[in-house]
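Shown next: my_file09.cif, given as mmCIF, N, CA and C atoms.
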data_target
loop_
_atom_site.label_atom_id
_atom_site.label_comp_id
_atom_site.auth_asym_id
_atom_site.auth_seq_id
_atom_site.Cartn_x
_atom_site.Cartn_y
_atom_site.Cartn_z
N MET A 276 0.85 -1.16 0.00
CA MET A 276 0.00 0.00 0.00
C MET A 276 0.90 1.23 0.00
N LYS A 277 0.55 2.21 -0.80
CA LYS A 277 1.33 3.45 -0.88
C LYS A 277 0.71 4.51 0.03
N ALA A 278 1.57 5.17 0.78
CA ALA A 278 1.14 6.28 1.63
C ALA A 278 1.78 7.55 1.10
N ARG A 279 0.96 8.59 0.99
CA ARG A 279 1.44 9.92 0.60
C ARG A 279 1.18 10.85 1.78
N ILE A 280 2.23 11.54 2.20
CA ILE A 280 2.14 12.39 3.38
C ILE A 280 2.51 13.82 2.99
N LYS A 281 1.62 14.74 3.26
CA LYS A 281 1.86 16.17 3.01
C LYS A 281 2.01 16.84 4.37
N ILE A 282 3.15 17.49 4.57
CA ILE A 282 3.44 18.15 5.84
C ILE A 282 3.55 19.65 5.59
N THR A 283 2.78 20.43 6.34
CA THR A 283 2.79 21.88 6.18
C THR A 283 2.90 22.55 7.54
N LEU A 284 3.40 23.78 7.52
CA LEU A 284 3.47 24.54 8.76
C LEU A 284 2.06 24.93 9.21
N LYS A 285 1.85 24.94 10.50
CA LYS A 285 0.56 25.38 11.04
C LYS A 285 0.37 26.87 10.76
N ASN A 286 -0.90 27.28 10.69
CA ASN A 286 -1.20 28.70 10.52
C ASN A 286 -0.59 29.48 11.67
N GLY A 287 -0.04 30.63 11.36
CA GLY A 287 0.56 31.47 12.39
C GLY A 287 2.04 31.22 12.61
N VAL A 288 2.57 30.12 12.07
CA VAL A 288 4.00 29.85 12.20
C VAL A 288 4.72 30.56 11.07
N LEU A 289 5.75 31.32 11.40
CA LEU A 289 6.52 32.03 10.38
C LEU A 289 7.16 31.04 9.42
N ASP A 290 7.19 31.40 8.13
CA ASP A 290 7.74 30.54 7.10
C ASP A 290 8.79 31.30 6.30
N PRO A 291 10.04 31.35 6.78
CA PRO A 291 11.07 32.10 6.07
C PRO A 291 11.36 31.54 4.68
N GLN A 292 11.25 30.23 4.50
CA GLN A 292 11.47 29.66 3.17
C GLN A 292 10.36 30.10 2.21
N GLY A 293 9.14 30.14 2.69
CA GLY A 293 8.04 30.61 1.86
C GLY A 293 8.25 32.07 1.46
N LYS A 294 8.73 32.88 2.40
CA LYS A 294 9.03 34.30 2.09
C LYS A 294 10.13 34.40 1.04
N ALA A 295 11.17 33.57 1.16
CA ALA A 295 12.27 33.58 0.20
C ALA A 295 11.78 33.16 -1.19
N ILE A 296 10.92 32.17 -1.24
CA ILE A 296 10.35 31.73 -2.51
C ILE A 296 9.53 32.86 -3.12
N GLY A 297 8.71 33.51 -2.31
CA GLY A 297 7.91 34.62 -2.79
C GLY A 297 8.76 35.75 -3.33
N HIS A 298 9.83 36.07 -2.61
CA HIS A 298 10.74 37.13 -3.05
C HIS A 298 11.38 36.77 -4.38
N ALA A 299 11.86 35.53 -4.51
CA ALA A 299 12.50 35.10 -5.75
C ALA A 299 11.52 35.15 -6.92
N LEU A 300 10.30 34.70 -6.71
CA LEU A 300 9.30 34.73 -7.77
C LEU A 300 8.97 36.17 -8.17
N SER A 301 8.90 37.05 -7.19
CA SER A 301 8.64 38.46 -7.48
C SER A 301 9.77 39.05 -8.31
N GLN A 302 11.01 38.72 -7.97
CA GLN A 302 12.16 39.21 -8.72
C GLN A 302 12.17 38.70 -10.15
N LEU A 303 11.57 37.55 -10.38
CA LEU A 303 11.48 36.98 -11.72
C LEU A 303 10.28 37.51 -12.50
N GLY A 304 9.52 38.42 -11.88
CA GLY A 304 8.41 39.05 -12.58
C GLY A 304 7.05 38.42 -12.34
N TYR A 305 6.97 37.47 -11.42
CA TYR A 305 5.68 36.86 -11.09
C TYR A 305 5.01 37.68 -10.00
N ASP A 306 4.06 38.51 -10.41
CA ASP A 306 3.39 39.40 -9.48
C ASP A 306 2.03 38.83 -9.07
N GLY A 307 1.46 39.42 -8.05
CA GLY A 307 0.12 39.02 -7.61
C GLY A 307 0.10 37.77 -6.76
N LEU A 308 1.25 37.35 -6.25
CA LEU A 308 1.31 36.17 -5.38
C LEU A 308 1.34 36.61 -3.93
N SER A 309 0.68 35.85 -3.07
CA SER A 309 0.72 36.18 -1.65
C SER A 309 0.60 34.91 -0.83
N ASP A 310 0.98 35.02 0.43
CA ASP A 310 0.88 33.93 1.40
C ASP A 310 1.47 32.63 0.86
N ILE A 311 2.71 32.69 0.41
CA ILE A 311 3.40 31.50 -0.11
C ILE A 311 3.93 30.71 1.07
N ARG A 312 3.57 29.44 1.11
CA ARG A 312 4.00 28.55 2.19
C ARG A 312 4.76 27.37 1.58
N GLN A 313 5.76 26.91 2.26
CA GLN A 313 6.60 25.81 1.83
C GLN A 313 6.30 24.61 2.72
N GLY A 314 6.38 23.40 2.17
CA GLY A 314 6.12 22.21 2.97
C GLY A 314 6.95 21.03 2.49
N LYS A 315 6.57 19.84 2.98
CA LYS A 315 7.27 18.61 2.61
C LYS A 315 6.25 17.61 2.07
N TYR A 316 6.71 16.75 1.17
CA TYR A 316 5.89 15.69 0.61
C TYR A 316 6.69 14.40 0.70
N ILE A 317 6.12 13.37 1.29
CA ILE A 317 6.81 12.09 1.46
C ILE A 317 5.91 10.98 0.93
N GLU A 318 6.49 10.08 0.15
CA GLU A 318 5.79 8.88 -0.33
C GLU A 318 6.51 7.67 0.22
N LEU A 319 5.74 6.69 0.65
CA LEU A 319 6.36 5.44 1.08
C LEU A 319 5.43 4.28 0.80
N ASP A 320 6.02 3.11 0.60
CA ASP A 320 5.24 1.88 0.44
C ASP A 320 5.28 1.16 1.77
N ILE A 321 4.12 0.71 2.20
CA ILE A 321 4.01 -0.01 3.47
C ILE A 321 3.41 -1.38 3.18
N ALA A 322 3.97 -2.42 3.76
CA ALA A 322 3.56 -3.79 3.46
C ALA A 322 2.21 -4.15 4.08
N GLU A 323 1.69 -3.33 4.94
CA GLU A 323 0.41 -3.60 5.61
C GLU A 323 -0.74 -3.60 4.60
N THR A 324 -1.65 -4.57 4.71
CA THR A 324 -2.80 -4.64 3.80
C THR A 324 -4.08 -4.12 4.43
N ASP A 325 -4.13 -4.04 5.74
CA ASP A 325 -5.30 -3.51 6.44
C ASP A 325 -5.20 -1.98 6.47
N PRO A 326 -6.15 -1.28 5.83
CA PRO A 326 -6.07 0.18 5.76
C PRO A 326 -5.99 0.87 7.12
N ALA A 327 -6.74 0.38 8.10
CA ALA A 327 -6.73 1.00 9.42
C ALA A 327 -5.36 0.84 10.08
N LYS A 328 -4.77 -0.34 9.97
CA LYS A 328 -3.44 -0.57 10.55
C LYS A 328 -2.38 0.24 9.81
N ALA A 329 -2.51 0.33 8.49
CA ALA A 329 -1.55 1.12 7.70
C ALA A 329 -1.62 2.58 8.12
N ARG A 330 -2.84 3.12 8.21
CA ARG A 330 -3.00 4.52 8.62
C ARG A 330 -2.42 4.74 10.02
N GLY A 331 -2.69 3.82 10.92
CA GLY A 331 -2.15 3.94 12.27
C GLY A 331 -0.64 3.94 12.30
N ALA A 332 -0.03 3.07 11.50
CA ALA A 332 1.44 3.02 11.45
C ALA A 332 2.01 4.31 10.87
N VAL A 333 1.39 4.83 9.80
CA VAL A 333 1.89 6.05 9.18
C VAL A 333 1.68 7.24 10.12
N GLU A 334 0.55 7.28 10.82
CA GLU A 334 0.33 8.35 11.80
C GLU A 334 1.40 8.32 12.88
N GLU A 335 1.74 7.12 13.33
CA GLU A 335 2.79 7.00 14.35
C GLU A 335 4.13 7.49 13.81
N MET A 336 4.45 7.15 12.54
CA MET A 336 5.68 7.64 11.92
C MET A 336 5.70 9.17 11.88
N CYS A 337 4.56 9.75 11.52
CA CYS A 337 4.47 11.21 11.46
C CYS A 337 4.67 11.83 12.83
N GLU A 338 4.01 11.28 13.82
CA GLU A 338 4.09 11.82 15.18
C GLU A 338 5.50 11.68 15.78
N ARG A 339 6.19 10.59 15.44
CA ARG A 339 7.48 10.32 16.07
C ARG A 339 8.67 10.86 15.29
N VAL A 340 8.58 10.89 13.93
CA VAL A 340 9.77 11.18 13.13
C VAL A 340 9.54 12.21 12.03
N LEU A 341 8.50 12.04 11.25
CA LEU A 341 8.37 12.79 10.00
C LEU A 341 7.94 14.24 10.17
N ALA A 342 7.11 14.52 11.15
CA ALA A 342 6.60 15.88 11.32
C ALA A 342 6.93 16.38 12.72
N ASN A 343 7.17 17.67 12.80
CA ASN A 343 7.32 18.34 14.10
C ASN A 343 5.92 18.84 14.45
N THR A 344 5.18 18.07 15.21
CA THR A 344 3.76 18.37 15.44
C THR A 344 3.52 19.62 16.28
N VAL A 345 4.57 20.20 16.82
CA VAL A 345 4.41 21.47 17.53
C VAL A 345 4.12 22.59 16.53
N ILE A 346 4.78 22.53 15.37
CA ILE A 346 4.64 23.61 14.38
C ILE A 346 4.11 23.13 13.03
N GLU A 347 3.93 21.81 12.85
CA GLU A 347 3.52 21.29 11.55
C GLU A 347 2.26 20.44 11.66
N ASN A 348 1.46 20.49 10.60
CA ASN A 348 0.32 19.59 10.41
C ASN A 348 0.71 18.57 9.35
N TYR A 349 0.05 17.44 9.36
CA TYR A 349 0.29 16.46 8.30
C TYR A 349 -1.06 15.88 7.84
N ASP A 350 -1.06 15.47 6.58
CA ASP A 350 -2.23 14.86 5.97
C ASP A 350 -1.77 13.58 5.28
N ILE A 351 -2.49 12.49 5.51
CA ILE A 351 -2.12 11.18 4.97
C ILE A 351 -3.15 10.74 3.95
N GLU A 352 -2.65 10.25 2.82
CA GLU A 352 -3.49 9.66 1.79
C GLU A 352 -2.97 8.26 1.52
N LEU A 353 -3.85 7.27 1.55
CA LEU A 353 -3.45 5.88 1.28
C LEU A 353 -4.03 5.41 -0.04
N ASP A 354 -3.20 4.79 -0.88
CA ASP A 354 -3.65 4.15 -2.11
C ASP A 354 -3.62 2.65 -1.90
N GLY A 355 -4.56 1.96 -2.50
CA GLY A 355 -4.62 0.52 -2.37
C GLY A 355 -5.42 0.08 -1.16
N ALA A 356 -6.11 1.04 -0.55
CA ALA A 356 -6.91 0.73 0.63
C ALA A 356 -8.28 0.22 0.22
#
What do you get writing this file as C-alpha cells?
Amino acid sequence: MKARIKITLKNGVLDPQGKAIGHALSQLGYDGLSDIRQGKYIELDIAETDPAKARGAVEEMCERVLANTVIENYDIELDGA
C-alpha cells in the first residue's frame, strides 16, 4: 500500500522559506502572489494490507519522526486501501 504524506506549517508559524520563494518569484516578474507557504511531501510503500493498521502506522511515523507536530500539520493519503 502506498502512503502519501503532506506536511505543512501550522497557521501562524513564520515561514522564512516561503518568504524567500515569494521574493525570488517576485524578482522573476511573477506578481500578484501572496501567502506563499513551503512544505514537505513524502511517499512510502508499506507492506500492511489492512487500511486501518496502515494509517495507524503512518500516523505513528508522522508523530514520532516525519513531522514536528508542535509547528507542523500532516495529511495522509493511502492508495490501495
Since I can't run it myself right now, could you work out what the PyMOL selection byres ((chain A and resi 279) around 6) selects here and report it as a short mmCIF file (atom, residue, chain, number, x, y, z; two decimals) with N, CA and C atoms, keeping the file's coordinate frame?
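Once written, selection-v8.cif looks like this:
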data_model
loop_
_atom_site.label_atom_id
_atom_site.label_comp_id
_atom_site.auth_asym_id
_atom_site.auth_seq_id
_atom_site.Cartn_x
_atom_site.Cartn_y
_atom_site.Cartn_z
N LYS A 277 0.55 2.21 -0.80
CA LYS A 277 1.33 3.45 -0.88
C LYS A 277 0.71 4.51 0.03
N ALA A 278 1.57 5.17 0.78
CA ALA A 278 1.14 6.28 1.63
C ALA A 278 1.78 7.55 1.10
N ILE A 280 2.23 11.54 2.20
CA ILE A 280 2.14 12.39 3.38
C ILE A 280 2.51 13.82 2.99
N LYS A 281 1.62 14.74 3.26
CA LYS A 281 1.86 16.17 3.01
C LYS A 281 2.01 16.84 4.37
N ILE A 317 6.12 13.37 1.29
CA ILE A 317 6.81 12.09 1.46
C ILE A 317 5.91 10.98 0.93
N GLU A 318 6.49 10.08 0.15
CA GLU A 318 5.79 8.88 -0.33
C GLU A 318 6.51 7.67 0.22
N LEU A 319 5.74 6.69 0.65
CA LEU A 319 6.36 5.44 1.08
C LEU A 319 5.43 4.28 0.80
N ASP A 350 -1.06 15.47 6.58
CA ASP A 350 -2.23 14.86 5.97
C ASP A 350 -1.77 13.58 5.28
N ILE A 351 -2.49 12.49 5.51
CA ILE A 351 -2.12 11.18 4.97
C ILE A 351 -3.15 10.74 3.95
N GLU A 352 -2.65 10.25 2.82
CA GLU A 352 -3.49 9.66 1.79
C GLU A 352 -2.97 8.26 1.52
N LEU A 353 -3.85 7.27 1.55
CA LEU A 353 -3.45 5.88 1.28
C LEU A 353 -4.03 5.41 -0.04
N ASP A 354 -3.20 4.79 -0.88
CA ASP A 354 -3.65 4.15 -2.11
C ASP A 354 -3.62 2.65 -1.90
#
Next item on the list: Write out as a list in words which residues come within 8 Å of A:Ala329 when counting all atoms listed in the file, dropping same-chain ones fewer than 5 positions away.
Entry: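 That gives Met276, Ala278, Ile321, Ala322, Glu323, Thr324, Glu334, Glu335 and Leu353 of chain A.
Taking atom CA of A:Tyr349 as the reference point, atom C of A:Lys315 is found at 8.7 Å.
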Next item on the list: Output as a list in words all residues of chain A that backbone DSSP marks as strand (DSSP E).
Entry: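 Those residues are Lys277, Ala278, Arg279, Ile280, Lys281, Ile282, Thr283, Leu284, Gly314, Lys315, Tyr316, Ile317, Glu318, Leu319, Asp320, Glu347, Asn348, Tyr349, Asp350, Ile351, Glu352, Leu353 and Asp354 of chain A.
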Checklist line | Separation of atom CA of A:Arg312 from atom CA of A:Gln292 in Å | finding: 7.6 Å
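With distances restricted to all atoms listed in the file, A:Gly314 is the closest residue to A:Ile282 from A:Gly314, A:Pro326, A:Ile296, A:Tyr305.
Put simply, atom CA of A:Ala299 is 23.9 Å away from atom CA of A:Glu347.
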Next item on the list: Measuring atom to atom with all atoms listed in the file, identify which of A:Tyr316, A:Gly331, A:Asp306, A:Glu338 is nearest to A:Thr283.
Entry: A:Tyr316
Next item on the list: Within 6 Å of (5.9, 33.1, 4.3) (coordinates as in the file), grab all the protein and nucleic acid residues, counting only N, CA and C atoms, and write them out as a count of residues only.
Entry: 9
Next item on the list: Among the residues of chain A, find those DSSP assigns to alpha helix (DSSP H) from the backbone and print them as a PyMOL selection string.
Entry: chain A and resi 291-302+326-336
Check: Between A:Gln313, A:Leu300, A:Asp325, A:Cys337, which is the closest to A:Lys285 once you count only C-alpha atoms?
Finding: A:Gln313
